[in-house]
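Enquirer: Before I ask anything, here is the structure I am working with.
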Amino acid sequence: MSRTTKLGGSLLLACSLLLACGSDDKTPAQDFAARYGELLCPRLTPCCKAAGDDNDEGACRQFISFASAAQGSKLNQAAADECLAALQSWSCEEPEPKACDAVFAGSSAPGSGCDSSSDCATPAEGGVSCHYSSGSGSGTCKVEPVPAVGQPCGSKGSTATEYFVCEDDPALYCDVDTCKARAALGAPCAGFSSCVKDATCQSTSGASGTCVALTPVGGSCDSVACIESAYCTPAKQCVAKKASGEPCSSFEECVGFCDTDTGKCRAGATVCFTKN
């Protein structure tokens, strides 16, 4: 059995787990892995096919079942339940549900070394992940607090034990180095990302900006950009972004990204499995 990985990361959290075999009685971790494979593997197939790749769902489930538990890691049942519930409606065109990142946790405290996020102890609130610095051969466990107004971000967003991700909350944005609430439509604003979803900060002649609605599908993008789910054509019309497998010539045309080798859109996170 072999696997073809199109993008790394946490899409298959089982990849970070050690083999655990030899028992007829399934552990909670193995029960989770079985259900995870049943939900995830078939949902990878459409994106793999659209990209011209095969995806053997049996090989996918087998790989996950073999990697169902990690030494020193424990199952976070609440996160496991949330992950499985989210996968019910998940599409391979989307990032994997964030809850799936927190299913397995180790005992390493914030600031301690780690090889993967499953080595790190789960905090009472927020998340945790293994962060690697440039040129470092090992990572550091850092707690990711629940985003809130006033928290540090940007250049001040990382400490020895914490990593602040303001944008995890769509109602917030990072203003230089401080997390702030996004402004509503019609409200004053300063900066490209300072307005609520599907709005942008528009200003003229250096004056302070105002949040205005982005242009919907079918509208003209001559003066205001398109909503996130659309792109602006050379004719200055907003058109819905294309799904995997559709022809493309530029990155902004696709829901995921434009594969210049094939001239087709493909999902931003696709793992495909093949059987030898």
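In the structure tokens, chains take letters A, B, ... by order of appearance, with residues numbered from 1 within each chain and ligands from 1 in the order shown.
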Might you pull out every residue within 9 Å of region 47-61 of chain A, with only C-alpha atoms counted and same-chain residues fewer than 3 positions away left off, and present them as a ChimeraX atom specification?

Expert: /A:1-4,33-34,36-38,40-44,64-66,91-93,243-246,259,262,264-267,270-275

Enquirer: Can you list, as a list in words, every residue of region 188-228 of chain A that DSSP puts in strand (DSSP E)?

Expert: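 Those in region 188-228 of chain A that DSSP calls strand (DSSP E) are Pro188, Cys189, Ala199, Thr200, Cys201, Gln202, Gly209, Thr210, Cys211, Val212 and Ala213 of chain A.
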
Enquirer: Using N, CA and C atoms, can you export the residues from the last selection as a PDB file, in the first residue's frame?

Expert:
ATOM      1  N   PRO A 188     -16.658  53.443  10.117  1.00  0.00           N
ATOM      2  CA  PRO A 188     -15.293  53.848   9.752  1.00  0.00           C
ATOM      3  C   PRO A 188     -14.344  52.663   9.862  1.00  0.00           C
ATOM      4  N   CYS A 189     -13.294  52.649   9.060  1.00  0.00           N
ATOM      5  CA  CYS A 189     -12.352  51.535   9.063  1.00  0.00           C
ATOM      6  C   CYS A 189     -10.968  52.022   8.654  1.00  0.00           C
ATOM      7  N   ALA A 199     -17.220  42.386   3.156  1.00  0.00           N
ATOM      8  CA  ALA A 199     -17.139  43.842   3.091  1.00  0.00           C
ATOM      9  C   ALA A 199     -15.669  44.221   2.990  1.00  0.00           C
ATOM     10  N   THR A 200     -15.399  45.423   2.522  1.00  0.00           N
ATOM     11  CA  THR A 200     -14.025  45.906   2.406  1.00  0.00           C
ATOM     12  C   THR A 200     -13.957  47.362   2.819  1.00  0.00           C
ATOM     13  N   CYS A 201     -12.763  47.797   3.204  1.00  0.00           N
ATOM     14  CA  CYS A 201     -12.559  49.177   3.633  1.00  0.00           C
ATOM     15  C   CYS A 201     -12.207  50.022   2.413  1.00  0.00           C
ATOM     16  N   GLN A 202     -13.072  50.962   2.096  1.00  0.00           N
ATOM     17  CA  GLN A 202     -12.876  51.786   0.906  1.00  0.00           C
ATOM     18  C   GLN A 202     -12.660  53.244   1.321  1.00  0.00           C
ATOM     19  N   GLY A 209     -11.348  55.430   5.862  1.00  0.00           N
ATOM     20  CA  GLY A 209     -12.199  54.573   5.060  1.00  0.00           C
ATOM     21  C   GLY A 209     -13.562  54.298   5.668  1.00  0.00           C
ATOM     22  N   THR A 210     -14.412  53.684   4.846  1.00  0.00           N
ATOM     23  CA  THR A 210     -15.739  53.243   5.269  1.00  0.00           C
ATOM     24  C   THR A 210     -15.947  51.825   4.771  1.00  0.00           C
ATOM     25  N   CYS A 211     -16.555  50.964   5.594  1.00  0.00           N
ATOM     26  CA  CYS A 211     -16.815  49.583   5.199  1.00  0.00           C
ATOM     27  C   CYS A 211     -17.972  49.531   4.201  1.00  0.00           C
ATOM     28  N   VAL A 212     -17.694  48.981   3.011  1.00  0.00           N
ATOM     29  CA  VAL A 212     -18.728  48.837   1.981  1.00  0.00           C
ATOM     30  C   VAL A 212     -18.823  47.370   1.583  1.00  0.00           C
ATOM     31  N   ALA A 213     -19.994  46.970   1.110  1.00  0.00           N
ATOM     32  CA  ALA A 213     -20.214  45.578   0.731  1.00  0.00           C
ATOM     33  C   ALA A 213     -19.406  45.210  -0.505  1.00  0.00           C
TER      34      ALA A 213
END

Enquirer: With distances taken over only C-alpha atoms, which of A:Lys74, A:His131, A:Lys180, A:Lys236 is nearest to Ser107 (chain A)?

Expert: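 When distances to Ser107 (chain A) are compared using only C-alpha atoms, the smallest one comes from A:Lys74.
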
Enquirer: Name the residues in contact with Ser108 (chain A) at a cut-off of 8 Å, using only C-alpha atoms, excluding same-chain residues fewer than 2 positions from it; report them as JSON, numbers by chain.

Expert: {"A": [106, 110, 112, 113, 114, 119, 120, 121, 141]}

Enquirer: Contacts between region 147-168 of chain A and region 54-133 of chain A, please, where a residue of region 54-133 of chain A counts if it comes within 10 Å (with only C-alpha atoms); show its shortest atom pair and distance in Å to one decimal, rows by chain and ascending number, as CSV.

Expert:
residue,atom,partner,partner_atom,distance
A:Lys98,CA,A:Asp168,CA,9.8
A:Ala109,CA,A:Thr161,CA,8.7
A:Pro110,CA,A:Thr161,CA,4.9
A:Gly111,CA,A:Thr161,CA,4.6
A:Ser112,CA,A:Thr161,CA,8.3
A:Gly126,CA,A:Pro147,CA,8.4
A:Gly127,CA,A:Tyr163,CA,9.6
A:Val128,CA,A:Tyr163,CA,8.5
A:Ser129,CA,A:Tyr163,CA,8.7
A:His131,CA,A:Tyr163,CA,8.8

Enquirer: Report, in Å to a single decimal, how far apart CA of Glu94 (chain A) and CA of Arg35 (chain A) are.

Expert: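 Interatomic distance here is 19.5 Å.
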
Enquirer: Assign secondary structure with DSSP using the backbone only, and return the residues of region 78-268 of chain A in alpha helix (DSSP H) as a list in words.

Expert: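 The alpha helix (DSSP H) residues within region 78-268 of chain A come out as Ala78, Ala79, Ala80, Asp81, Glu82, Cys83, Leu84, Ala85, Ala86 and Leu87 of chain A.
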
Enquirer: Hey, which of A:Ala230, A:Cys100, A:Cys195, A:Cys174 ends up closest to Ala85 (chain A)? Count only C-alpha atoms.

Expert: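 Between A:Ala230, A:Cys100, A:Cys195, A:Cys174, the residue approaching Ala85 (chain A) most closely is A:Cys100.
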